[in-house]
Amino acid sequence: MSVSRSLVVLVAMGLLSACGTATQAQPGTPGPTGSPVYGGTLTYLEHQPPTCLYLPAAGFYPNGGLLNQLTDKLTWQNPDTLEIEPWIATKWEVNADATEYTFHLRDGVTFSDGSPLDAAAVAANFDVYGKGSETLKLPPAEFVNNYDRSEVIDPRTVRFHFSKPSPGFLQGTSVIGAGLVSKKTISLPYEEQCQLKNVIGSGPFTVANQIVDKQIDLAARKDYGWAPPSSKHQGRAYLDKIQIIVTPEDSVRVGALTSGQADFVRYVQAYDEQTVEKAGFRIYAEPTRGVNNGLYLRPANSILKDLKVRQALQRGTDAKEVVATLFTKSYPQATSVLSKLATGYVDLSKELAYDLDGAKRLLDEAGWTPGPDGVRIKDGRRLELGVFVAGPQPLSKQTLELIAQQWTKLGVKLEIRPADAGTLAVDIKDAEKTAVNHSMVGRADPDVIKSHFHTKNRDVILSNDARLERLLEEQSALADPAKRAAKVGEIQRYVIEQAYAIPLFEEPQVYGGAPNVHGVDFEAVARPTFYSVWKS
């Protein structure tokens with residue numbers, strides 16, 4: 001579909017009418033020119049439709065951009081300082097070994113169905129997040145470790161008990177997967193909690209309409225009054241409505257933004273950043289502070305079980321060329337498994353230096369010799385490895401194609417497979433069919449490294465490494481911050497030594513915004529919140 005025709009389609013869907021001027025809906029509140037005003041609709045173009053909205057499984061960025069408007073959390077992580085601040089919990093106590101957390105809640109908070117957000121509701125949420133439910137087929141949340149049980153002390157006080165130290169839990173109460181939903185929602189089976197119509201939160205917006213996989217309309221909750229105390233804005237949201245329109249084509253999102261048909265868009269590609277800025281619009285490149293975008297090598301694969309082969313691929317990948325060729329300054333080259341902004345980060349740039357000749361020597365030592373077409377052979381087998389294009393990762397196909405070219409110099413063939421949902425769901429779990437995984441994960445807490453590698457979490461490398469498993473579990477149970485950071489450093493070194501990871505770049509989430517859109521905030525890992533947004 002051409003850009004012009006696509007824009008016509010967007011207009012037909014109501015984009016132009018959605019971008020009316022804001023109105024001063026509350027007499028006396030708006031101040032002089034430049035002060036926030038109430039009213040208006042924000043038209044937000046999303047690259048992909050949301051998937052399952054069961055909160056612990058909702059880390060996908062299209063889900064987060066929606067759920068941030070519908071749900072609140074016990075705490076708020078300040079994206080500038082990364083400090084944990086009050087929100088629905090006004091204060092808390094943590095015992096010395098981080099096995100007991102007591103939260104004191106705000107009074108008068110309600111879900112959008114009118115039910116109270118009290119200690120019993122919070123306990124019901126975290127009992128599911130901590131342990132899951134076999135009966136309801138609800139998996140536990142990856143941000144909760146060593147959960148034992150909840151205890152309702154009184155209507156405004158709840159205590160959580162852990163079988164072992166759980167130092168990441170406080171930060172975990174601020175993440176997208178810890179959004180609080182009504183007892184009615186949390187008691188539903190998995191398939192029903194996945195559906196937007198069943199998400200009953202306490203956030204500043206509610207769902208007004210949905211066209212599945214195409215459009216979601218949100219309306220401001222007029223009685224909302226429990227933003228984090230550190231928020232300059234209090235009370236109901238400034239906007240009346242948010243219109244989220246799924247717009248997969250990059251050129252259409254950018255064209256709609258720069259032509260005034262949209263107010264805010266997610267997933268501005270690196271090659272479109274200059275176009276947006278030259279048109280007088282703003283680029284928001286927000287860091288995700290977690291495990292870097294990279295290729296993750298699976299030791300259970302019969303070829304990659306050889307450490308020398310993994311090391312050869314690691315040394316034979318030129319991350320600098322990838323960033324310089326495909327990306328912008330918004331995408332800093334990775335120098336470790338974790339982002340420089342992550343707690344416990346260690347600089348491993350020397351260990352990750354590009355060394356083509358060294359990579360070739362390692363493959364020679366491993367017994368792989370060049371074949372007639374340049375692809376190496378051992379015992380009659382070609383050195384071929386499979387990888388899926390990762391839909392959520394920026395320019396994944398182009399990144400993999402460039403790396404495939406680099407690996408050709410080594411005598412390695414990288415088979416790049418399209419992200420067909422049906423095939424991907426099965427083959428991504430098979431190390432023989434999917435030897436390499438293109439992935440990342442964002443979270444502003446050391447537990448992010450456990451989320452990425454542990455067999456009971458994302459298990460990105462399909463690990464069969466008992467030492468790695470032990471290191472990850474030790475990290476997640478260290479109450480002392482300094483010891484925990486040191487353990488995270490040890491894990492990064494081990495992952496690179498074992499060549500399980502080929503870090504490429506520190507992945508941001510890149511948004512574009514119209515110059516008349518003010519007050520956009522982001523949580524610590526770059527999901528937007530539109531509570532304080534207003535339009536001039």
# chains A, B, ... in the order shown; residues from 1 in each chain; ligands from 1
call {"tool": "select_by_dssp", "arguments": {"residues": "region 249-325 of chain A", "states": "strand (DSSP E or B)", "output": "ChimeraX atom specification"}}
result
/A:264-266,282-287,291-297
call {"tool": "residues_around", "arguments": {"residues": "region 184-193 of chain A", "least_positions_apart": "6", "cutoff": "7 Å", "atoms": "only C-alpha atoms", "output": "PyMOL selection string"}}
result
chain A and resi 53-54+125+136-138+199-200
call {"tool": "closest_atom_pairs", "arguments": {"of": "region 355-444 of chain A", "to": "region 57-77 of chain A", "cutoff": "10 Å", "atoms": "only C-alpha atoms", "output": "CSV"}}
result
residue,atom,partner,partner_atom,distance
A:Pro392,CA,A:Phe60,CA,7.9
A:Val441,CA,A:Gly59,CA,8.8
A:Gly442,CA,A:Gly59,CA,8.8
A:Arg443,CA,A:Gly59,CA,9.7
A:Ala444,CA,A:Gln77,CA,8.7
call {"tool": "residues_around", "arguments": {"residues": "Gly512 (chain A)", "least_positions_apart": "4", "cutoff": "6 Å", "atoms": "only C-alpha atoms", "output": "number ranges by chain"}}
result
A: 264-265, 282-283
call {"tool": "write_last_selection", "arguments": {"atoms": "N, CA and C atoms", "output": "compact mmCIF listing (two decimals), in the first residue's frame"}}
result
# COMPACT_ATOMS: atom_id res chain seq x y z
N PHE A 264 1.19 11.21 18.42
CA PHE A 264 2.30 10.50 19.05
C PHE A 264 2.38 9.12 18.42
N VAL A 265 3.61 8.64 18.15
CA VAL A 265 3.76 7.33 17.52
C VAL A 265 4.89 6.57 18.22
N ARG A 282 9.37 15.98 17.66
CA ARG A 282 10.35 15.56 18.67
C ARG A 282 10.54 14.04 18.66
N ILE A 283 11.81 13.64 18.80
CA ILE A 283 12.15 12.22 18.98
C ILE A 283 12.37 11.97 20.47
call {"tool": "residues_around", "arguments": {"residues": "Pro140 (chain A)", "least_positions_apart": "2", "cutoff": "6 Å", "atoms": "only C-alpha atoms", "output": "list in words"}}
result
Tyr129, Gly130, Lys131 and Gly132 of chain A
call {"tool": "select_by_dssp", "arguments": {"residues": "region 484-517 of chain A", "states": "alpha helix (DSSP H)", "output": "list in words"}}
result
Arg484, Ala485, Ala486, Lys487, Val488, Gly489, Glu490, Ile491, Gln492, Arg493, Tyr494, Val495, Ile496 and Glu497 of chain A
call {"tool": "residues_around", "arguments": {"residues": "Gly367 (chain A)", "least_positions_apart": "2", "cutoff": "10 Å", "atoms": "only C-alpha atoms", "output": "list of chain:residue names"}}
result
A:Lys308, A:Val309, A:Arg361, A:Leu362, A:Leu363, A:Asp364, A:Glu365, A:Thr369, A:Pro370, A:Arg376, A:Ile377, A:Lys378, A:Asp379
call {"tool": "residues_around", "arguments": {"residues": "region 243-246 of chain A", "least_positions_apart": "3", "cutoff": "6 Å", "atoms": "only C-alpha atoms", "output": "list in words"}}
result
Thr43, Tyr44, Leu45, Glu46, His47, Gln48, Pro49, Lys214, Gln215, Ile216 and Asp217 of chain A
call {"tool": "write_last_selection", "arguments": {"atoms": "C-alpha atoms", "output": "CSV table (one decimal), in the first residue's frame"}}
result
chain,number,residue,atom,x,y,z
A,43,THR,CA,-4.1,10.0,18.7
A,44,TYR,CA,-1.4,7.4,19.3
A,45,LEU,CA,-0.1,5.1,16.5
A,46,GLU,CA,1.2,1.8,17.7
A,47,HIS,CA,3.4,-0.5,15.6
A,48,GLN,CA,1.8,-3.7,16.7
A,49,PRO,CA,-1.5,-4.8,18.3
A,214,LYS,CA,-7.0,-2.4,14.9
A,215,GLN,CA,-8.1,0.3,17.4
A,216,ILE,CA,-8.7,0.9,21.1
A,217,ASP,CA,-10.4,4.0,22.5
